[in-house]
>>> print(open('run33.csv').read())   # CSV, C-alpha atoms and all ligand atoms
chain,number,residue,atom,x,y,z
I,1042,MET,CA,-12.8,-21.3,-7.4
I,1043,GLN,CA,-10.1,-23.5,-5.9
I,1044,GLN,CA,-8.7,-22.1,-2.7
I,1045,PHE,CA,-4.8,-22.0,-3.0
I,1046,ARG,CA,-3.1,-22.6,0.3
I,1047,ASN,CA,0.5,-22.1,-0.6
I,1048,LEU,CA,2.9,-21.2,-3.5
I,1049,LYS,CA,3.5,-24.9,-4.3
I,1050,GLU,CA,-0.2,-25.4,-5.1
I,1051,VAL,CA,-0.2,-22.3,-7.3
I,1052,ILE,CA,2.8,-23.5,-9.3
I,1053,CYS,CA,1.3,-26.9,-9.7
I,1054,HIS,CA,-2.1,-25.6,-10.8
I,1055,PHE,CA,-0.6,-23.1,-13.3
I,1056,SER,CA,2.0,-25.4,-14.6
I,1057,ASP,CA,1.6,-24.7,-18.3
I,1058,GLU,CA,0.3,-21.8,-20.5
I,1059,GLN,CA,-2.9,-23.6,-21.6
I,1060,LYS,CA,-4.0,-24.3,-18.0
I,1061,CYS,CA,-3.5,-20.6,-17.2
I,1062,ILE,CA,-5.6,-19.6,-20.3
I,1063,ASP,CA,-8.3,-22.1,-19.4
I,1064,PHE,CA,-8.4,-20.7,-15.9
I,1065,LEU,CA,-8.7,-17.1,-17.1
I,1066,VAL,CA,-11.5,-18.0,-19.6
I,1067,GLN,CA,-13.4,-19.5,-16.6
I,1068,GLN,CA,-12.6,-16.7,-14.3
I,1069,ARG,CA,-13.4,-13.8,-16.6
I,1070,TRP,CA,-16.2,-15.1,-18.9
I,1071,GLY,CA,-17.6,-18.1,-16.9
I,1072,GLY,CA,-16.1,-20.5,-19.6
I,1073,CYS,CA,-17.5,-18.8,-22.7
I,1074,PRO,CA,-15.3,-16.1,-24.4
I,1075,VAL,CA,-16.9,-12.7,-25.0
I,1076,CYS,CA,-15.5,-10.4,-27.8
I,1077,PRO,CA,-14.0,-7.3,-26.1
I,1078,TYR,CA,-14.8,-5.2,-29.3
I,1079,CYS,CA,-18.5,-6.1,-30.1
I,1080,LYS,CA,-19.4,-8.1,-27.0
I,1081,SER,CA,-20.5,-11.1,-29.2
I,1082,ASP,CA,-20.4,-14.5,-27.4
I,1083,LYS,CA,-19.8,-16.3,-30.7
I,1084,TRP,CA,-16.2,-17.3,-31.3
I,1085,TYR,CA,-13.7,-19.7,-32.9
I,1086,SER,CA,-10.7,-21.0,-31.2
I,1087,ILE,CA,-7.5,-20.2,-33.2
I,1088,GLU,CA,-3.7,-20.7,-32.7
I,1089,ASN,CA,-4.3,-24.1,-31.0
I,1090,GLY,CA,-6.7,-22.6,-28.4
I,1091,LYS,CA,-4.3,-19.8,-27.4
I,1092,ARG,CA,-6.4,-17.0,-28.9
I,1093,PHE,CA,-10.0,-16.5,-30.2
I,1094,LYS,CA,-11.6,-15.0,-33.2
I,1095,CYS,CA,-15.0,-13.2,-33.1
I,1096,ALA,CA,-17.7,-15.0,-35.1
I,1097,ASN,CA,-19.7,-11.9,-35.7
I,1098,LYS,CA,-19.5,-11.1,-39.4
I,1099,GLU,CA,-19.1,-7.3,-38.9
I,1100,CYS,CA,-16.3,-7.8,-36.4
I,1101,HIS,CA,-14.1,-10.9,-37.0
I,1102,LYS,CA,-11.4,-9.5,-34.7
I,1103,LYS,CA,-8.9,-11.7,-33.0
I,1104,TYR,CA,-8.4,-11.5,-29.3
I,1105,SER,CA,-6.8,-13.3,-26.3
I,1106,VAL,CA,-8.0,-13.9,-22.9
I,1107,THR,CA,-5.5,-11.4,-21.4
I,1108,VAL,CA,-7.0,-8.4,-23.2
I,1109,GLY,CA,-7.8,-5.6,-20.7
I,1110,THR,CA,-6.1,-7.4,-17.8
I,1111,ILE,CA,-2.8,-6.7,-16.1
I,1112,PHE,CA,-1.3,-9.5,-18.3
I,1113,HIS,CA,-2.2,-7.8,-21.5
I,1114,ALA,CA,0.5,-7.5,-24.2
I,1115,SER,CA,3.1,-8.9,-21.9
I,1116,ASN,CA,5.9,-11.2,-23.1
I,1117,ILE,CA,6.1,-12.7,-19.6
I,1118,PRO,CA,4.5,-16.2,-19.6
I,1119,LEU,CA,1.4,-16.6,-17.5
I,1120,THR,CA,3.1,-19.4,-15.7
I,1121,ILE,CA,5.3,-16.7,-14.1
I,1122,TRP,CA,2.6,-14.1,-13.7
I,1123,PHE,CA,0.4,-16.3,-11.4
I,1124,PRO,CA,3.1,-17.2,-8.9
I,1125,ALA,CA,4.2,-13.5,-9.0
I,1126,ALA,CA,0.6,-12.5,-8.1
I,1127,TYR,CA,0.6,-15.0,-5.3
I,1128,LEU,CA,4.0,-13.8,-3.9
I,1129,ILE,CA,2.9,-10.2,-4.0
I,1130,SER,CA,-0.4,-10.9,-2.3
I,1131,ALA,CA,0.9,-13.2,0.3
I,1132,HIS,CA,3.8,-11.1,1.7
I,1133,LYS,CA,2.3,-9.0,4.4
I,1134,LYS,CA,5.0,-6.4,4.3
I,1135,GLY,CA,5.3,-6.3,0.5
I,1136,ILE,CA,8.1,-7.7,-1.6
I,1137,SER,CA,10.9,-5.7,-3.3
I,1138,SER,CA,11.5,-5.9,-7.1
I,1139,CYS,CA,15.0,-7.3,-6.4
I,1140,GLN,CA,13.6,-10.1,-4.2
I,1141,LEU,CA,10.8,-10.9,-6.7
I,1142,ALA,CA,13.3,-11.0,-9.6
I,1143,ARG,CA,15.4,-13.6,-7.7
I,1144,ASP,CA,12.4,-15.7,-6.7
I,1145,LEU,CA,11.1,-15.9,-10.2
I,1146,GLY,CA,14.3,-15.9,-12.2
I,1147,VAL,CA,13.5,-12.7,-14.2
I,1148,THR,CA,15.4,-9.4,-14.4
I,1149,GLN,CA,14.8,-6.7,-11.8
I,1150,LYS,CA,13.3,-4.4,-14.4
I,1151,THR,CA,10.7,-7.1,-15.4
I,1152,ALA,CA,9.9,-7.7,-11.7
I,1153,TRP,CA,9.6,-4.0,-11.1
I,1154,PHE,CA,7.1,-3.7,-13.9
I,1155,MET,CA,5.1,-6.8,-12.8
I,1156,LEU,CA,4.9,-5.4,-9.3
I,1157,HIS,CA,3.5,-2.1,-10.5
I,1158,ARG,CA,0.9,-3.8,-12.7
I,1159,ILE,CA,-0.2,-6.1,-9.9
I,1160,ARG,CA,-0.2,-3.1,-7.5
I,1161,GLU,CA,-2.5,-1.3,-10.0
I,1162,SER,CA,-4.9,-4.2,-9.9
I,1163,LEU,CA,-5.0,-4.2,-6.1
I,1164,ARG,CA,-6.3,-0.6,-6.2
I,1165,ASN,CA,-9.8,-0.4,-4.8
I,1166,LYS,CA,-12.0,0.5,-7.7
I,1167,GLU,CA,-15.0,1.4,-5.6
I,1168,SER,CA,-14.1,4.2,-3.2
I,1169,ILE,CA,-14.2,3.4,0.5
I,1170,PHE,CA,-16.6,5.6,2.4
I,1171,LEU,CA,-15.9,5.8,6.2
I,1172,LYS,CA,-18.6,6.1,8.8
I,1173,ASN,CA,-19.2,6.0,12.6
I,1174,VAL,CA,-16.0,6.8,14.5
I,1175,VAL,CA,-13.2,7.8,12.2
I,1176,GLU,CA,-9.6,8.7,13.2
I,1177,VAL,CA,-7.6,11.1,11.0
I,1178,ASP,CA,-3.9,11.7,11.0
I,1179,GLU,CA,-1.3,12.7,8.5
I,1180,LEU,CA,2.2,11.3,7.6
I,1181,TYR,CA,5.0,13.3,5.9
I,1182,TYR,CA,7.1,11.5,3.4
I,1183,GLN,CA,10.4,13.0,2.2
I,1184,THR,CA,10.1,13.0,-1.6
I,1185,LYS,CA,13.0,15.3,-2.5
I,1186,THR,CA,16.6,15.2,-1.4
I,1187,ARG,CA,17.0,16.9,2.0
I,1188,ASP,CA,18.3,20.4,1.9
I,1189,GLU,CA,21.9,20.1,3.2
I,1190,SER,CA,21.8,23.6,4.7
I,1191,ILE,CA,19.0,22.4,7.1
I,1192,SER,CA,20.2,20.4,10.1
I,1193,ALA,CA,18.8,16.9,10.6
I,1194,LYS,CA,16.9,18.2,13.6
I,1195,ASP,CA,15.2,21.0,11.7
I,1196,SER,CA,14.5,18.9,8.7
I,1197,VAL,CA,11.7,17.2,10.6
I,1198,TYR,CA,9.8,20.5,10.2
I,1199,ASP,CA,10.9,21.2,6.6
I,1200,PHE,CA,7.7,20.4,4.8
I,1201,LYS,CA,8.8,21.9,1.5
I,1202,ASN,CA,10.4,18.7,0.2
I,1203,LYS,CA,7.8,16.3,1.6
I,1204,SER,CA,4.5,14.9,0.5
I,1205,MET,CA,1.6,14.6,2.8
I,1206,ILE,CA,-0.3,11.3,3.1
I,1207,VAL,CA,-3.7,11.7,4.8
I,1208,GLY,CA,-4.7,8.5,6.7
I,1209,MET,CA,-8.4,7.9,7.7
I,1210,ILE,CA,-9.6,4.8,9.5
I,1211,GLU,CA,-13.0,3.7,10.7
I,1212,ARG,CA,-12.7,2.1,14.1
I,1213,ALA,CA,-13.0,-1.7,13.5
I,1214,GLY,CA,-13.4,-0.9,9.8
I,1215,GLU,CA,-11.3,0.0,6.8
I,1216,LEU,CA,-8.3,2.2,6.2
I,1217,LYS,CA,-8.2,4.9,3.5
I,1218,LEU,CA,-4.9,6.6,2.4
I,1219,GLU,CA,-4.7,9.5,0.1
I,1220,VAL,CA,-1.8,11.6,-1.1
I,1221,SER,CA,-2.3,15.3,-0.9
I,1222,PRO,CA,-0.8,17.4,-3.7
I,1223,ASN,CA,0.5,19.9,-1.1
I,1224,MET,CA,0.3,20.8,2.6
I,1225,ALA,CA,-2.6,23.3,2.2
I,1226,ARG,CA,-5.3,23.0,4.9
I,1227,SER,CA,-8.0,23.2,2.2
I,1228,ASN,CA,-6.6,20.0,0.6
I,1229,LEU,CA,-6.7,18.2,3.9
I,1230,TYR,CA,-10.3,19.3,4.4
I,1231,SER,CA,-11.5,18.3,0.9
I,1232,ILE,CA,-9.9,14.8,1.3
I,1233,VAL,CA,-11.7,14.4,4.7
I,1234,HIS,CA,-15.0,15.6,3.2
I,1235,LYS,CA,-14.7,13.3,0.2
I,1236,ASN,CA,-14.1,10.2,2.2
I,1237,ILE,CA,-15.9,10.5,5.5
I,1238,ASP,CA,-19.7,10.4,6.1
I,1239,LYS,CA,-21.0,13.7,7.6
I,1240,ALA,CA,-22.7,11.7,10.4
I,1241,ALA,CA,-19.4,10.4,11.6
I,1242,SER,CA,-17.5,11.5,14.7
I,1243,LEU,CA,-13.9,12.6,14.0
I,1244,MET,CA,-10.9,11.9,16.2
I,1245,THR,CA,-7.6,13.7,15.6
I,1246,ASP,CA,-4.5,14.9,17.4
I,1247,GLY,CA,-4.2,18.5,18.5
I,1248,GLU,CA,-2.5,19.9,15.4
I,1249,SER,CA,-3.8,23.3,14.5
I,1250,ALA,CA,-4.6,22.2,11.0
I,1251,TYR,CA,-7.5,20.1,12.4
I,1252,SER,CA,-9.0,23.0,14.5
I,1253,GLY,CA,-11.9,23.6,12.1
I,1254,ILE,CA,-12.3,20.2,10.6
I,1255,GLY,CA,-15.3,19.1,12.6
I,1256,LYS,CA,-17.5,21.7,10.9
I,1257,GLY,CA,-20.5,19.8,9.4
I,1258,TYR,CA,-19.6,16.6,11.2
I,1259,ALA,CA,-21.5,15.0,14.1
I,1260,SER,CA,-18.5,15.7,16.4
I,1261,HIS,CA,-14.8,16.3,16.5
I,1262,GLN,CA,-12.6,15.5,19.5
I,1263,SER,CA,-8.8,15.6,19.7
I,1264,VAL,CA,-6.0,14.5,22.1
I,1265,ASN,CA,-3.2,16.9,22.6
I,1266,HIS,CA,0.1,15.0,22.1
I,1267,ARG,CA,2.2,18.0,22.9
I,1268,SER,CA,0.9,18.2,26.4
I,1269,GLY,CA,1.5,14.4,26.8
I,1270,GLU,CA,-2.1,13.4,26.3
I,1271,TYR,CA,-2.6,10.3,24.2
I,1272,VAL,CA,-5.8,8.7,25.3
I,1273,ARG,CA,-8.8,10.3,27.0
I,1274,GLY,CA,-11.6,7.7,27.4
I,1275,ASP,CA,-12.3,6.5,23.9
I,1276,VAL,CA,-10.7,9.6,22.3
I,1277,HIS,CA,-7.4,8.6,20.7
I,1278,THR,CA,-5.7,8.2,17.4
I,1279,ASN,CA,-3.9,4.9,18.2
I,1280,THR,CA,-5.6,2.9,15.4
I,1281,ILE,CA,-4.5,5.2,12.6
I,1282,GLU,CA,-1.0,5.6,14.2
I,1283,GLY,CA,-0.8,1.8,14.3
I,1284,ALA,CA,-1.6,1.6,10.6
I,1285,PHE,CA,1.0,4.3,9.8
I,1286,GLY,CA,3.5,2.2,11.9
I,1287,LEU,CA,3.0,-0.7,9.5
I,1288,PHE,CA,3.4,1.7,6.5
I,1289,ARG,CA,6.7,3.0,7.9
I,1290,ARG,CA,8.0,-0.5,8.6
I,1291,THR,CA,7.1,-1.7,5.0
I,1292,ILE,CA,9.0,1.3,3.6
I,1293,ILE,CA,12.0,0.8,5.9
I,1294,GLY,CA,12.1,-3.0,5.7
I,1295,THR,CA,11.1,-3.7,2.1
I,1296,TYR,CA,11.0,-0.8,-0.3
I,1297,HIS,CA,13.8,1.4,1.2
I,1298,LYS,CA,12.8,4.3,-1.1
I,1299,LEU,CA,9.6,5.2,-2.9
I,1300,SER,CA,9.5,7.3,-6.0
I,1301,PRO,CA,7.2,10.3,-5.4
I,1302,LYS,CA,5.6,9.7,-8.8
I,1303,HIS,CA,4.4,6.3,-7.6
I,1304,LEU,CA,3.6,7.3,-4.0
I,1305,ALA,CA,-0.2,7.0,-4.6
I,1306,ARG,CA,0.2,3.5,-6.0
I,1307,TYR,CA,2.2,2.4,-3.0
I,1308,CYS,CA,-0.6,3.9,-0.8
I,1309,ASP,CA,-3.1,1.8,-2.6
I,1310,GLU,CA,-1.0,-1.2,-1.9
I,1311,MET,CA,-0.6,-0.4,1.8
I,1312,GLN,CA,-4.4,0.2,2.0
I,1313,TYR,CA,-5.1,-3.1,0.4
I,1314,ARG,CA,-2.6,-4.9,2.7
I,1315,TYR,CA,-4.0,-3.3,5.8
I,1316,ASN,CA,-7.7,-3.9,4.9
I,1317,SER,CA,-7.0,-7.6,3.9
I,1318,ARG,CA,-4.6,-8.3,6.9
I,1319,LYS,CA,-7.0,-10.8,8.5
I,1320,LEU,CA,-7.4,-12.9,5.4
I,1321,LYS,CA,-5.4,-16.1,4.8
I,1322,ASP,CA,-2.8,-16.0,2.0
I,1323,GLY,CA,-5.0,-18.0,-0.3
I,1324,GLN,CA,-8.0,-15.8,0.3
I,1325,ARG,CA,-5.9,-12.7,-0.4
I,1326,PHE,CA,-4.7,-14.3,-3.7
I,1327,GLU,CA,-8.3,-14.9,-4.6
I,1328,VAL,CA,-9.0,-11.2,-4.1
I,1329,THR,CA,-6.1,-10.4,-6.4
I,1330,LEU,CA,-7.3,-12.8,-9.1
I,1331,ASN,CA,-10.8,-11.1,-8.9
I,1332,ARG,CA,-9.2,-7.8,-9.6
I,1333,LEU,CA,-7.2,-8.7,-12.7
I,1334,GLU,CA,-9.2,-6.5,-15.1
I,1335,SER,CA,-7.1,-3.3,-15.1
I,1336,ARG,CA,-4.0,-2.6,-17.0
I,1337,LEU,CA,-1.0,-0.3,-16.8
I,1338,SER,CA,1.4,0.1,-19.7
I,1339,TRP,CA,5.1,0.6,-19.4
I,1340,LYS,CA,4.6,4.0,-21.1
I,1341,GLN,CA,2.0,5.1,-18.5
I,1342,LEU,CA,4.3,3.9,-15.8
I,1343,THR,CA,7.4,5.7,-16.9
I,1344,GLN,CA,6.1,8.8,-18.8
I,1345,ASP,CA,6.6,12.4,-17.8
I,1346,ASN,CA,10.0,12.3,-16.2
I,1347,GLY,CA,12.0,9.7,-18.2
I,1348,LEU,CA,12.0,7.5,-15.1
I,1349,THR,CA,13.4,4.0,-15.5
I,1350,ALA,CA,13.4,1.0,-13.3
I,1351,GLU,CA,17.0,1.5,-12.4
I,1352,THR,CA,16.5,5.0,-11.0
I,1353,VAL,CA,13.9,3.8,-8.6
I,1354,ILE,CA,16.0,1.3,-6.7
I,1355,GLU,CA,19.2,3.3,-6.2
I,1356,PRO,CA,20.4,2.6,-2.7
I,1357,HIS,CA,19.1,5.3,-0.3
I,1358,ILE,CA,18.7,5.6,3.4
I,1359,PRO,CA,15.0,5.7,4.3
I,1360,SER,CA,13.9,9.2,5.0
I,1361,VAL,CA,10.6,8.9,6.8
I,1362,THR,CA,10.0,11.5,9.4
I,1363,ILE,CA,10.6,9.7,12.6
I,1364,GLY,CA,11.0,12.3,15.3
I,1365,VAL,CA,14.0,14.4,16.5
I,1366,PRO,CA,17.0,12.3,17.4
I,1367,GLY,CA,18.9,13.3,20.6
I,1368,LYS,CA,16.0,15.2,22.1
I,1369,LYS,CA,14.0,13.7,24.9
I,1370,THR,CA,11.1,12.6,22.7
I,1371,PRO,CA,8.2,10.5,23.8
I,1372,ILE,CA,8.0,7.1,22.1
I,1373,ARG,CA,5.5,4.3,21.7
I,1374,GLN,CA,5.9,0.5,22.1
I,1375,MET,CA,4.0,-1.5,19.5
I,1376,GLN,CA,3.3,-5.1,18.6
I,1377,ASN,CA,1.9,-6.2,15.2
I,1378,GLY,CA,0.8,-2.6,14.6
I,1379,LYS,CA,-1.1,-2.3,17.9
I,1380,VAL,CA,0.1,0.4,20.4
I,1381,ILE,CA,1.0,-1.3,23.8
I,1382,ALA,CA,2.4,1.6,25.8
I,1383,THR,CA,3.8,5.1,25.5
I,1384,TYR,CA,6.9,6.4,27.3
I,1385,PRO,CA,8.2,10.0,27.8
I,1386,SER,CA,11.6,8.9,26.5
I,1387,ILE,CA,13.8,6.0,25.5
I,1388,VAL,CA,15.4,5.9,29.0
I,1389,ASP,CA,12.0,5.6,30.6
I,1390,ALA,CA,11.1,2.7,28.2
I,1391,GLU,CA,14.3,0.9,29.2
I,1392,ILE,CA,13.5,1.3,32.9
I,1393,ALA,CA,9.9,0.1,32.4
I,1394,THR,CA,10.6,-2.8,30.0
I,1395,GLY,CA,14.2,-3.8,30.6
I,1396,ILE,CA,14.9,-3.7,26.9
I,1397,LYS,CA,18.2,-1.9,26.1
I,1398,LYS,CA,17.8,1.7,25.1
I,1399,GLN,CA,20.5,1.2,22.4
I,1400,SER,CA,18.3,-1.5,20.7
I,1401,ILE,CA,15.2,0.6,20.9
I,1402,SER,CA,17.1,3.6,19.5
I,1403,ARG,CA,18.2,1.5,16.5
I,1404,VAL,CA,14.6,0.6,15.7
I,1405,LEU,CA,13.6,4.3,16.0
I,1406,ARG,CA,16.4,5.2,13.6
I,1407,GLY,CA,15.2,2.6,11.1
I,1408,ARG,CA,18.3,0.5,11.4
I,1409,ARG,CA,16.4,-2.6,12.6
I,1410,LEU,CA,12.8,-3.7,12.7
I,1411,SER,CA,12.2,-4.6,16.3
I,1412,ALA,CA,13.8,-4.7,19.8
I,1413,GLY,CA,12.7,-7.1,22.6
I,1414,GLY,CA,10.0,-8.4,20.2
I,1415,PHE,CA,8.4,-5.0,19.9
I,1416,GLU,CA,8.3,-2.2,17.3
I,1417,TRP,CA,9.2,1.3,18.5
I,1418,GLU,CA,8.3,4.7,17.1
I,1419,TYR,CA,8.6,8.3,18.0
I,1420,LEU,CA,5.2,9.9,18.8
I,1501,ZN,ZN,-16.4,-9.0,-32.1
>>> encode(input="run33.csv", output="structure tokens")
Amino acid sequence: MQQFRNLKEVICHFSDEQKCIDFLVQQRWGGCPVCPYCKSDKWYSIENGKRFKCANKECHKKYSVTVGTIFHASNIPLTIWFPAAYLISAHKKGISSCQLARDLGVTQKTAWFMLHRIRESLRNKESIFLKNVVEVDELYYQTKTRDESISAKDSVYDFKNKSMIVGMIERAGELKLEVSPNMARSNLYSIVHKNIDKAASLMTDGESAYSGIGKGYASHQSVNHRSGEYVRGDVHTNTIEGAFGLFRRTIIGTYHKLSPKHLARYCDEMQYRYNSRKLKDGQRFEVTLNRLESRLSWKQLTQDNGLTAETVIEPHIPSVTIGVPGKKTPIRQMQNGKVIATYPSIVDAEIATGIKKQSISRVLRGRRLSAGGFEWEYL
């Protein structure tokens, strides 16, 4: 397959509907259409080459090349779908439906639907199984409106209205994110057991939830963040915390608010982005094109709660758990998702780096993305 280097090449290559159809016939069936109903490879071309008709006498069904793909039964021209798939794959920190709508000249509702369909195709169909040294950590995401009777300070520990995302990462390997239906320890354990090889060594922080997690594993070591310990030899959770850092910045910088109903799909997207972060834009687009065969209908996407595209983008201040403001809380300095240093407080960071504490504080509160060229987070 041709390697696309930029958006211009994609737009030129997929300049009319027939070129897109020819590309898909080649991509999906190696140039020879296969009937999706009876698997016959005998066919006629109908509707000026736009669709096909099965030549098997018992079948004779009509079909198009988009059947069973994310493009299926969509009124959006393929000449828009392909650049959309490129834009979504290429943007390392994701792209919002509003931005995509402006870039492509479609409505926000259409862009939102396209984003979800492409996100569905990015999902890793084969499950990732982690081995060797695996770091485990969890992230809490506020999914319901904060209880006003609880102060901002205490809301950090208000887990009732939050979803738990369990992050597991193999050192120098892949990331796996999974949303837990609730905070129960048994759920955390079953997620870990499902995704991590029993011969692996686990690394976690000192949270009590992890105390018995090493049972059945080669080893389990932890660092106690509460007593100020972050690294002990090769025992640390910096890799998974770096990945969560990227996740938080994508939410703050791009999506602003995630609907809890779609949290798992966003996790799939983050997982894909993290695991493909070393690929070039064109290579990432190629991976996307190879995963076209999945589909998601509007009904599937919006069923259960009468959710519409409009309700998803209502302006909202990001509510990711990011430490206790005002308290002397340790912070970490990061660059491109890698932890560079940790400091006992913002003031100590200012003294050590010369970067203004006000700027660092703004990053910590999610008001801006970086200060002094670094990303900052509460530990
Ligand atoms: Zn057939």
>>> residues_near_point(input="run33.csv", point="(-15.6, 20.2, 10.5)", cutoff="10 Å", atoms="all atoms listed in the file", output="list in words")
Tyr1230, Val1233, His1234, Lys1239, Ser1242, Leu1243, Tyr1251, Ser1252, Gly1253, Ile1254, Gly1255, Lys1256, Gly1257, Tyr1258, Ala1259, Ser1260 and His1261 of chain I
>>> write_last_selection(input="run33.csv", atoms="C-alpha atoms", output="PDB file, in the frame of the given file")
ATOM      1  CA  TYR I1230     -10.300  19.300   4.400  1.00  0.00           C
ATOM      2  CA  VAL I1233     -11.700  14.400   4.700  1.00  0.00           C
ATOM      3  CA  HIS I1234     -15.000  15.600   3.200  1.00  0.00           C
ATOM      4  CA  LYS I1239     -21.000  13.700   7.600  1.00  0.00           C
ATOM      5  CA  SER I1242     -17.500  11.500  14.700  1.00  0.00           C
ATOM      6  CA  LEU I1243     -13.900  12.600  14.000  1.00  0.00           C
ATOM      7  CA  TYR I1251      -7.500  20.100  12.400  1.00  0.00           C
ATOM      8  CA  SER I1252      -9.000  23.000  14.500  1.00  0.00           C
ATOM      9  CA  GLY I1253     -11.900  23.600  12.100  1.00  0.00           C
ATOM     10  CA  ILE I1254     -12.300  20.200  10.600  1.00  0.00           C
ATOM     11  CA  GLY I1255     -15.300  19.100  12.600  1.00  0.00           C
ATOM     12  CA  LYS I1256     -17.500  21.700  10.900  1.00  0.00           C
ATOM     13  CA  GLY I1257     -20.500  19.800   9.400  1.00  0.00           C
ATOM     14  CA  TYR I1258     -19.600  16.600  11.200  1.00  0.00           C
ATOM     15  CA  ALA I1259     -21.500  15.000  14.100  1.00  0.00           C
ATOM     16  CA  SER I1260     -18.500  15.700  16.400  1.00  0.00           C
ATOM     17  CA  HIS I1261     -14.800  16.300  16.500  1.00  0.00           C
TER      18      HIS I1261
END
>>> atom_distance(input="run33.csv", atom1="atom CA of I:Asn1377", atom2="atom CA of I:Gly1208")
18.2 Å
>>> atom_distance(input="run33.csv", atom1="atom CA of I:Glu1211", atom2="atom CA of I:Ser1268")
25.5 Å
>>> atom_distance(input="run33.csv", atom1="atom CA of I:Cys1061", atom2="atom CA of I:Lys1083")
21.6 Å
>>> residues_around(input="run33.csv", residues="I:Lys1103", least_positions_apart="2", cutoff="10 Å", atoms="all atoms listed in the file", output="PyMOL selection string")
chain I and resi 1076-1078+1084-1087+1092-1096+1100-1101+1105
>>> write_last_selection(input="run33.csv", atoms="C-alpha atoms", output="PDB file, in the frame of the given file")
ATOM      1  CA  CYS I1076     -15.500 -10.400 -27.800  1.00  0.00           C
ATOM      2  CA  PRO I1077     -14.000  -7.300 -26.100  1.00  0.00           C
ATOM      3  CA  TYR I1078     -14.800  -5.200 -29.300  1.00  0.00           C
ATOM      4  CA  TRP I1084     -16.200 -17.300 -31.300  1.00  0.00           C
ATOM      5  CA  TYR I1085     -13.700 -19.700 -32.900  1.00  0.00           C
ATOM      6  CA  SER I1086     -10.700 -21.000 -31.200  1.00  0.00           C
ATOM      7  CA  ILE I1087      -7.500 -20.200 -33.200  1.00  0.00           C
ATOM      8  CA  ARG I1092      -6.400 -17.000 -28.900  1.00  0.00           C
ATOM      9  CA  PHE I1093     -10.000 -16.500 -30.200  1.00  0.00           C
ATOM     10  CA  LYS I1094     -11.600 -15.000 -33.200  1.00  0.00           C
ATOM     11  CA  CYS I1095     -15.000 -13.200 -33.100  1.00  0.00           C
ATOM     12  CA  ALA I1096     -17.700 -15.000 -35.100  1.00  0.00           C
ATOM     13  CA  CYS I1100     -16.300  -7.800 -36.400  1.00  0.00           C
ATOM     14  CA  HIS I1101     -14.100 -10.900 -37.000  1.00  0.00           C
ATOM     15  CA  SER I1105      -6.800 -13.300 -26.300  1.00  0.00           C
TER      16      SER I1105
END
>>> closest_atom_pairs(input="run33.csv", of="stretch 1193-1244 of chain I", to="stretch 1307-1311 of chain I", cutoff="12 Å", atoms="all atoms listed in the file", output="Markdown table")
| residue | atom | partner | partner_atom | distance |
| --- | --- | --- | --- | --- |
| I:Met1205 | CA | I:Cys1308 | CA | 11.5 |
| I:Ile1206 | CA | I:Cys1308 | CA | 8.4 |
| I:Val1207 | CA | I:Cys1308 | CA | 10.1 |
| I:Gly1208 | CA | I:Cys1308 | CA | 9.7 |
| I:Glu1215 | CA | I:Met1311 | CA | 11.8 |
| I:Leu1216 | CA | I:Met1311 | CA | 9.2 |
| I:Lys1217 | CA | I:Asp1309 | CA | 8.5 |
| I:Leu1218 | CA | I:Cys1308 | CA | 6.0 |
| I:Glu1219 | CA | I:Cys1308 | CA | 7.0 |
| I:Val1220 | CA | I:Cys1308 | CA | 7.8 |
| I:Ser1221 | CA | I:Cys1308 | CA | 11.5 |
>>> closest_residue(input="run33.csv", among="I:Glu1099, I:Asp1144, I:Glu1416, I:Glu1334", to="ligand ZN 1501 (chain I)", atoms="all atoms listed in the file")
I:Glu1099
>>> residues_around(input="run33.csv", residues="stretch 1133-1141 of chain I", least_positions_apart="4", cutoff="6 Å", atoms="all atoms listed in the file", output="PyMOL selection string")
chain I and resi 1149+1152-1153+1291+1295-1296
>>> write_last_selection(input="run33.csv", atoms="C-alpha atoms", output="PDB file, in the coordinates of the input")
ATOM      1  CA  GLN I1149      14.800  -6.700 -11.800  1.00  0.00           C
ATOM      2  CA  ALA I1152       9.900  -7.700 -11.700  1.00  0.00           C
ATOM      3  CA  TRP I1153       9.600  -4.000 -11.100  1.00  0.00           C
ATOM      4  CA  THR I1291       7.100  -1.700   5.000  1.00  0.00           C
ATOM      5  CA  THR I1295      11.100  -3.700   2.100  1.00  0.00           C
ATOM      6  CA  TYR I1296      11.000  -0.800  -0.300  1.00  0.00           C
TER       7      TYR I1296
END
>>> closest_residue(input="run33.csv", among="I:Lys1319, I:Glu1248, I:Phe1288, I:Val1147", to="I:Ala1213", atoms="all atoms listed in the file")
I:Lys1319
>>> residues_around(input="run33.csv", residues="stretch 1398-1410 of chain I", least_positions_apart="3", cutoff="7 Å", atoms="only C-alpha atoms", output="list in words")
Ile1293, Ile1387, Val1388, Glu1391, Glu1416, Trp1417, Glu1418 and Tyr1419 of chain I
